[in-house]
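File shown here: work_13.txt, holding compact mmCIF, C-alpha atoms.
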# COMPACT_ATOMS: atom_id res chain seq x y z
CA GLN K 208 -10.42 -9.26 26.88
CA VAL K 209 -12.19 -12.58 26.33
CA CYS K 210 -11.83 -15.44 23.89
CA TYR K 211 -13.89 -14.52 20.81
CA ILE K 212 -14.97 -18.17 20.41
CA CYS K 213 -16.07 -19.30 23.88
CA LEU K 214 -16.51 -15.81 25.46
CA ASP K 215 -15.27 -17.25 28.77
CA ASP K 216 -13.45 -14.61 30.80
CA GLU K 217 -12.76 -16.97 33.72
CA SER K 218 -10.79 -19.69 31.95
CA ALA K 219 -7.35 -20.53 33.33
CA GLU K 220 -6.03 -20.92 29.79
CA GLY K 221 -4.23 -17.85 28.53
CA LEU K 222 -5.37 -15.79 25.57
CA VAL K 223 -3.19 -15.58 22.47
CA ARG K 224 -3.21 -13.83 19.11
CA GLY K 225 -1.08 -14.68 16.11
CA CYS K 226 -2.82 -13.36 13.00
CA ALA K 227 -3.54 -10.00 11.37
CA CYS K 228 -6.32 -8.93 13.77
CA ARG K 229 -5.83 -5.55 15.45
CA GLY K 230 -7.07 -3.66 18.45
CA ASP K 231 -9.06 -5.90 20.81
CA ASN K 232 -9.97 -8.39 18.08
CA GLY K 233 -8.60 -11.90 17.61
CA PHE K 234 -7.70 -12.91 21.17
CA VAL K 235 -8.51 -16.58 21.66
CA HIS K 236 -7.68 -19.83 23.45
CA VAL K 237 -5.58 -22.25 21.40
CA SER K 238 -7.89 -25.07 22.52
CA CYS K 239 -10.87 -23.15 21.16
CA LEU K 240 -9.12 -22.61 17.84
CA ALA K 241 -8.41 -26.33 17.61
CA ARG K 242 -11.99 -27.27 18.48
CA GLN K 243 -13.40 -24.80 15.96
CA ALA K 244 -11.04 -26.03 13.22
CA HIS K 245 -11.89 -29.66 13.92
CA LEU K 246 -15.62 -28.96 13.69
CA HIS K 247 -15.19 -26.96 10.47
CA PHE K 248 -13.12 -29.75 8.98
CA GLY K 249 -15.75 -32.35 9.90
CA ASP K 250 -18.52 -30.23 8.39
CA ASN K 251 -16.66 -29.97 5.10
CA LEU K 252 -15.96 -33.70 4.96
CA ALA K 253 -19.66 -34.31 5.58
CA LYS K 254 -20.35 -32.22 2.48
CA GLY K 255 -18.17 -34.57 0.44
CA MET K 256 -15.07 -32.37 0.19
CA GLN K 257 -11.61 -33.96 0.24
CA SER K 258 -8.58 -32.41 1.95
CA THR K 259 -6.47 -33.11 -1.15
CA GLU K 260 -8.93 -31.32 -3.44
CA ASN K 261 -10.13 -28.20 -1.65
CA ASP K 262 -7.99 -25.90 0.47
CA ASN K 263 -11.13 -24.66 2.24
CA VAL K 264 -11.42 -28.01 4.03
CA PHE K 265 -8.37 -27.14 6.17
CA VAL K 266 -8.72 -23.37 6.19
CA ARG K 267 -9.63 -22.99 9.88
CA TRP K 268 -6.48 -24.86 10.88
CA ASN K 269 -4.47 -22.30 8.95
CA ASN K 270 -6.38 -19.00 8.90
CA CYS K 271 -8.06 -16.82 11.50
CA ARG K 272 -11.86 -16.76 11.14
CA LEU K 273 -12.00 -13.00 11.78
CA CYS K 274 -9.25 -11.54 9.58
CA ASP K 275 -8.91 -14.55 7.24
CA GLN K 276 -5.10 -14.31 7.37
CA SER K 277 -2.71 -17.12 8.23
CA PHE K 278 -1.65 -17.72 11.83
CA TYR K 279 2.04 -17.21 12.59
CA GLY K 280 4.54 -17.51 15.43
CA PRO K 281 3.90 -19.71 18.49
CA VAL K 282 0.15 -19.65 17.82
CA GLY K 283 0.61 -21.11 14.36
CA THR K 284 2.94 -23.83 15.64
CA ALA K 285 0.59 -24.70 18.51
CA ILE K 286 -2.46 -25.00 16.27
CA ALA K 287 -0.46 -27.12 13.80
CA TRP K 288 0.60 -29.56 16.51
CA ALA K 289 -3.04 -29.79 17.60
CA CYS K 290 -4.02 -30.49 14.00
CA LEU K 291 -1.54 -33.36 13.66
CA ALA K 292 -2.62 -34.80 17.00
CA SER K 293 -6.25 -34.72 15.85
CA TYR K 294 -5.65 -36.70 12.65
CA SER K 295 -2.54 -38.82 13.32
CA SER K 296 -4.62 -42.01 13.49
CA ARG K 297 -6.37 -41.53 10.15
CA ALA K 298 -5.67 -43.79 7.19
CA ARG K 299 -2.78 -42.53 5.08
CA HIS K 300 -4.53 -42.85 1.73
CA ASP K 301 -7.23 -40.20 2.39
CA GLY K 302 -4.85 -37.24 2.40
CA VAL K 303 -5.90 -35.86 5.78
CA LEU K 304 -2.74 -36.98 7.56
CA LEU K 305 -0.64 -35.51 4.75
CA SER K 306 -2.40 -32.17 5.05
CA ALA K 307 -1.77 -32.10 8.80
CA MET K 308 1.90 -32.99 8.32
CA GLY K 309 2.28 -30.27 5.70
CA LEU K 310 0.68 -27.67 7.97
CA LEU K 311 3.00 -28.50 10.86
CA ALA K 312 6.10 -28.49 8.65
CA ARG K 313 5.17 -25.03 7.34
CA PHE K 314 4.86 -23.57 10.82
CA LEU K 315 8.06 -25.29 11.98
CA ASP K 316 9.84 -23.58 9.08
CA LEU K 317 8.41 -20.24 10.16
CA ASP K 318 9.74 -21.00 13.65
CA LYS K 319 13.24 -21.66 12.15
CA ARG K 320 13.05 -25.37 13.04
CA HIS K 321 14.04 -26.42 9.54
CA ASP K 322 15.55 -29.83 10.28
CA GLU K 323 12.32 -30.92 12.00
CA ALA K 324 10.27 -29.64 9.07
CA LEU K 325 12.47 -31.52 6.60
CA ALA K 326 12.04 -34.78 8.51
CA ILE K 327 8.25 -34.39 8.40
CA ARG K 328 8.25 -33.63 4.68
CA GLU K 329 10.51 -36.56 3.89
CA GLY K 330 8.04 -38.75 5.77
CA ALA K 331 5.16 -37.26 3.79
CA TRP K 332 6.96 -38.00 0.50
CA GLU K 333 7.42 -41.63 1.53
CA ILE K 334 3.65 -41.85 2.00
CA VAL K 335 2.67 -40.26 -1.30
CA ARG K 336 5.43 -41.12 -3.75
CA HIS K 337 3.65 -44.22 -5.09
CA TRP K 338 0.18 -42.68 -5.29
CA GLU K 339 -1.50 -42.41 -8.66
CA ASP K 340 -2.73 -38.92 -7.78
CA GLU K 341 -0.28 -36.65 -9.60
CA SER K 342 -1.62 -33.50 -7.92
CA SER K 343 -0.84 -34.81 -4.45
CA ARG K 344 2.66 -35.86 -5.47
CA ILE K 345 3.30 -32.39 -6.87
CA VAL K 346 2.20 -30.70 -3.65
CA VAL K 347 4.34 -32.93 -1.41
CA ARG K 348 7.41 -32.66 -3.66
CA GLY K 349 7.03 -28.90 -3.63
CA ASP K 350 6.97 -28.95 0.17
CA LEU K 351 10.11 -31.11 0.14
CA ALA K 352 11.85 -28.65 -2.17
CA GLN K 353 10.94 -25.87 0.23
CA SER K 354 12.63 -27.76 3.06
CA TYR K 355 15.73 -28.35 0.92
CA GLU K 356 15.98 -24.59 0.47
CA GLU K 357 15.75 -23.99 4.19
CA VAL K 358 18.72 -26.31 4.85
CA ASP K 359 20.76 -24.81 1.96
CA ARG K 360 20.31 -27.73 -0.47
CA PHE K 361 19.49 -25.33 -3.28
CA ALA K 362 20.60 -27.51 -6.20
CA ASP K 363 18.27 -30.29 -5.00
CA ALA K 364 15.45 -27.79 -4.58
CA LEU K 365 15.97 -26.30 -8.05
CA GLU K 366 15.84 -29.72 -9.70
CA ILE K 367 12.46 -30.37 -8.09
CA TRP K 368 11.02 -26.93 -8.88
CA ARG K 369 11.99 -27.13 -12.55
CA ASP K 370 10.36 -30.54 -12.83
CA LEU K 371 7.22 -29.42 -11.00
CA TYR K 372 6.90 -26.36 -13.22
CA ALA K 373 7.03 -28.56 -16.31
CA ARG K 374 4.42 -30.92 -14.84
CA GLN K 375 2.10 -28.07 -13.88
CA MET K 376 2.39 -26.68 -17.40
CA GLN K 377 1.23 -30.02 -18.76
CA LEU K 378 -1.55 -30.47 -16.20
CA ARG K 379 -2.93 -26.94 -15.84
CA GLY K 380 -1.40 -24.62 -18.44
CA ALA K 381 0.76 -21.52 -18.23
CA SER K 382 -1.81 -19.21 -16.61
CA HIS K 383 -2.85 -21.43 -13.69
CA GLU K 384 -1.99 -20.12 -10.24
CA ARG K 385 -0.03 -23.26 -9.29
CA THR K 386 2.02 -23.14 -12.48
CA LEU K 387 2.90 -19.51 -11.79
CA MET K 388 3.83 -20.33 -8.21
CA CYS K 389 6.16 -23.16 -9.30
CA HIS K 390 7.89 -20.88 -11.80
CA THR K 391 8.31 -18.27 -9.07
CA LYS K 392 9.90 -20.90 -6.85
CA VAL K 393 12.40 -21.64 -9.63
CA ALA K 394 13.29 -17.95 -9.63
CA TRP K 395 13.46 -17.72 -5.84
CA THR K 396 15.84 -20.68 -5.61
CA LEU K 397 18.09 -19.17 -8.28
CA ILE K 398 18.21 -15.89 -6.37
CA GLU K 399 18.57 -17.20 -2.85
CA GLY K 400 21.16 -19.91 -3.31
CA LEU K 401 22.61 -20.18 -6.79
CA GLY K 402 23.31 -16.64 -7.99
CA GLY K 403 21.08 -16.93 -11.05
CA TYR K 404 19.84 -13.35 -10.88
CA GLU K 405 19.46 -12.69 -14.60
CA GLU K 406 17.49 -15.87 -15.29
CA ALA K 407 15.35 -15.22 -12.21
CA SER K 408 14.54 -11.69 -13.41
CA LYS K 409 13.42 -12.98 -16.81
CA ILE K 410 11.26 -15.65 -15.16
CA MET K 411 9.58 -13.18 -12.82
CA ARG K 412 8.83 -10.59 -15.50
CA ALA K 413 7.21 -13.30 -17.63
CA THR K 414 5.32 -14.64 -14.60
CA LEU K 415 4.04 -11.20 -13.61
CA ALA K 416 2.87 -10.49 -17.15
CA ILE K 417 0.63 -13.55 -16.96
CA ALA K 418 -0.34 -13.10 -13.30
CA ALA K 419 -1.51 -9.53 -13.94
CA ARG K 420 -4.22 -10.96 -16.21
CA VAL K 421 -5.45 -13.75 -13.95
CA LEU K 422 -4.78 -12.83 -10.30
CA PRO K 423 -6.07 -10.01 -8.03
CA ARG K 424 -3.53 -7.16 -7.96
CA GLU K 425 -3.70 -6.86 -4.16
CA GLY K 426 -3.94 -10.57 -3.50
CA GLY K 427 -1.19 -12.18 -1.45
CA ILE K 428 0.10 -14.32 -4.31
CA PHE K 429 0.46 -11.47 -6.79
CA LEU K 430 2.15 -9.31 -4.15
CA SER K 431 4.59 -12.13 -3.39
CA PHE K 432 5.47 -12.38 -7.10
CA ARG K 433 6.26 -8.66 -7.20
CA SER K 434 8.32 -9.02 -4.03
CA THR K 435 10.34 -11.87 -5.55
CA LEU K 436 11.22 -9.78 -8.62
CA ALA K 437 12.26 -6.81 -6.48
CA TYR K 438 14.24 -9.06 -4.14
CA GLY K 439 16.23 -10.49 -7.02
CA LEU K 440 16.90 -7.03 -8.43
CA TYR K 441 18.41 -5.59 -5.26
CA LYS K 442 20.22 -8.77 -4.20
CA ASN K 443 22.09 -8.97 -7.49
CA PRO K 444 25.69 -7.80 -6.85
CA GLY K 445 25.71 -6.42 -10.39
CA ALA K 446 22.46 -4.49 -10.02
CA SER K 447 22.29 -1.25 -11.99
CA LEU K 448 20.99 2.01 -10.58
CA LEU K 449 17.77 1.47 -12.56
CA ASP K 450 17.40 -2.01 -11.04
CA LEU K 451 17.74 -0.60 -7.53
CA LEU K 452 15.29 2.22 -8.24
CA GLU K 453 12.75 -0.30 -9.52
CA ALA K 454 13.24 -2.47 -6.42
CA GLU K 455 12.86 0.56 -4.14
CA ALA K 456 9.65 1.69 -5.81
CA THR K 457 8.21 -1.84 -5.67
CA PHE K 458 9.02 -2.43 -2.01
CA ASP K 459 7.79 1.04 -1.09
CA GLU K 460 4.40 0.26 -2.63
CA LEU K 461 4.33 -3.30 -1.23
CA CYS K 462 4.97 -2.04 2.30
CA VAL K 463 1.98 0.30 2.10
CA VAL K 464 -0.31 -2.41 0.76
CA SER K 465 1.01 -5.08 3.13
CA ARG K 466 0.53 -2.91 6.22
CA ARG K 467 -3.06 -2.29 5.17
CA VAL K 468 -3.75 -5.98 4.54
CA PHE K 469 -1.75 -7.65 7.32
CA GLY K 470 -1.08 -5.01 9.99
CA GLU K 471 2.21 -3.53 11.21
CA GLU K 472 3.51 -6.55 13.17
CA HIS K 473 2.93 -9.29 10.62
CA PRO K 474 6.16 -11.10 9.54
CA VAL K 475 5.44 -10.40 5.86
CA VAL K 476 5.31 -6.67 6.58
CA VAL K 477 8.49 -6.73 8.67
CA LYS K 478 10.35 -8.65 5.96
CA ARG K 479 9.32 -6.26 3.19
CA GLN K 480 10.21 -3.23 5.29
CA ASN K 481 13.65 -4.70 5.88
CA CYS K 482 14.04 -5.30 2.14
CA LEU K 483 13.10 -1.68 1.47
CA LYS K 484 15.67 -0.49 3.99
CA GLU K 485 18.41 -2.66 2.48
CA THR K 486 17.51 -1.51 -1.03
CA ARG K 487 17.81 2.14 0.00
CA GLU K 488 21.17 1.44 1.61
CA LYS K 489 22.44 -0.08 -1.65
CA LEU K 490 21.02 2.90 -3.54
CA ALA K 491 22.95 5.24 -1.26
CA VAL K 492 26.19 3.43 -2.08
CA ALA K 493 25.39 3.45 -5.82
CA ARG K 494 24.77 7.21 -5.69
CA GLY K 495 27.83 7.87 -3.56
CA ALA K 496 25.88 8.97 -0.48
CA PRO K 497 26.90 7.71 2.99
CA ARG K 498 24.68 4.97 4.41
CA SER K 499 24.35 6.93 7.64
CA ALA K 500 22.46 9.61 5.76
CA VAL K 501 19.94 7.06 4.52
CA ALA K 502 19.55 5.49 7.96
CA ALA K 503 18.97 8.88 9.55
CA SER K 504 16.25 9.81 7.10
CA TYR K 505 14.64 6.38 6.73
CA ALA K 506 11.03 6.10 7.86
CA TYR K 507 8.46 3.42 7.27
Take the structure I supplied and represent it as structure tokens, if you would.
Amino acid sequence: QVCYICLDDESAEGLVRGCACRGDNGFVHVSCLARQAHLHFGDNLAKGMQSTENDNVFVRWNNCRLCDQSFYGPVGTAIAWACLASYSSRARHDGVLLSAMGLLARFLDLDKRHDEALAIREGAWEIVRHWEDESSRIVVRGDLAQSYEEVDRFADALEIWRDLYARQMQLRGASHERTLMCHTKVAWTLIEGLGGYEEASKIMRATLAIAARVLPREGGIFLSFRSTLAYGLYKNPGASLLDLLEAEATFDELCVVSRRVFGEEHPVVVKRQNCLKETREKLAVARGAPRSAVAASYAY
């Protein structure tokens, strides 16, 4: 195996892989990833793009060039630290430093280092809170709400998500991807920390009805919306048998699609498989069957 970027098989630096590549693909040096991302970023800035306006400017810091899926695990955290180190001296008003801070906070959350991620996002909000650019303030406040969720400050998170949803409705309309994502975050916060299962279900059914018209059916965002609805259905202590059957059918389909898109070991796949297993266990109880029978017959 060699690094797919430098092709050097004698380097002392170890090879890593933390994406959706499979087989012999995707092995790389972290230093090569950082150098490639920095060059890609510079090329896009030379074309006049701004980090606060176009996600593609930062895409190589976040996504593998081969599989085009997000990095995760220690590789994601390492590349995010390299990103922040590369741009820590830039002026605060150009948005580059904010993008680097947001990237690192996201990977710290994935690494369960939520207090560190919250500190970074609070720092980012102090930078951007007085900007005239409403879009940037929305993004950073959304990141802050995410961190509040991770440290169990759900009421604070919900207040932000409701406000951001209203602002996105005014700025972009009901069918814009970012509006739909904010509404989904309202639902997720209700489910995860506040017990608002019925309201969350109504939100997600309305969101999916719009998303089905404007988003790719096998795109990551649409799949995450379906997962949120199913998650709320099976997590509800008062879930009916029909609710659980709907959740099971949804997660069953999502697992098949997710394995095809991301590969068996990706965290998204593992999480959805666990949700499917838990849903089937609840179904067994609802039907009066012993859980051991479900566990014995369960197969991904």
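As for atom CA of K:Lys484 and atom CA of K:Leu451, they are spaced 11.7 Å apart.
Picture a line from atom CA of K:Ala352 to atom CA of K:Val464; it runs 29.1 Å.
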Can you pull out the residues contacting K:Leu371? Cut-off 8 Å, using only C-alpha atoms, and skip same-chain residues under 5 positions away; I want them as a PDB file with C-alpha atoms, in the coordinates of the input.
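Wrote result.pdb, looks like this:
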ATOM      1  CA  ILE K 345       3.300 -32.390  -6.870  1.00  0.00           C
ATOM      2  CA  GLY K 349       7.030 -28.900  -3.630  1.00  0.00           C
ATOM      3  CA  CYS K 389       6.160 -23.160  -9.300  1.00  0.00           C
TER       4      CYS K 389
END
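You will find atom CA of K:Tyr441 at 18.5 Å from atom CA of K:Thr414.
With only C-alpha atoms as the basis for measurement, K:Leu448 is the residue among K:Val393, K:Phe314, K:Glu333, K:Leu448 that approaches K:Gly495 most closely.
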Here is a test: counting all atoms listed in the file, which residue of K:Pro444, K:Gly309, K:Gly439, K:Gly302 is nearest to K:Asp340?
K:Gly302
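Using only C-alpha atoms, the nearest neighbour of K:Ala454 within the list K:Gln276, K:Thr435, K:Gln353, K:Gln243 is K:Thr435.
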What lies within 9 Å of K:Thr284 using all atoms listed in the file, ignoring chain neighbours under 6 positions off, as a ChimeraX atom specification?
/K:278,310-315,317-318
Box for stretch 401-408 of chain K - axis-aligned, 4 Å on each of the six sides, all listed atoms - centre and size in Å to one decimal, as JSON.
{"center_x": 18.9, "center_y": -15.9, "center_z": -11.0, "size_x": 16.8, "size_y": 16.5, "size_z": 16.5}
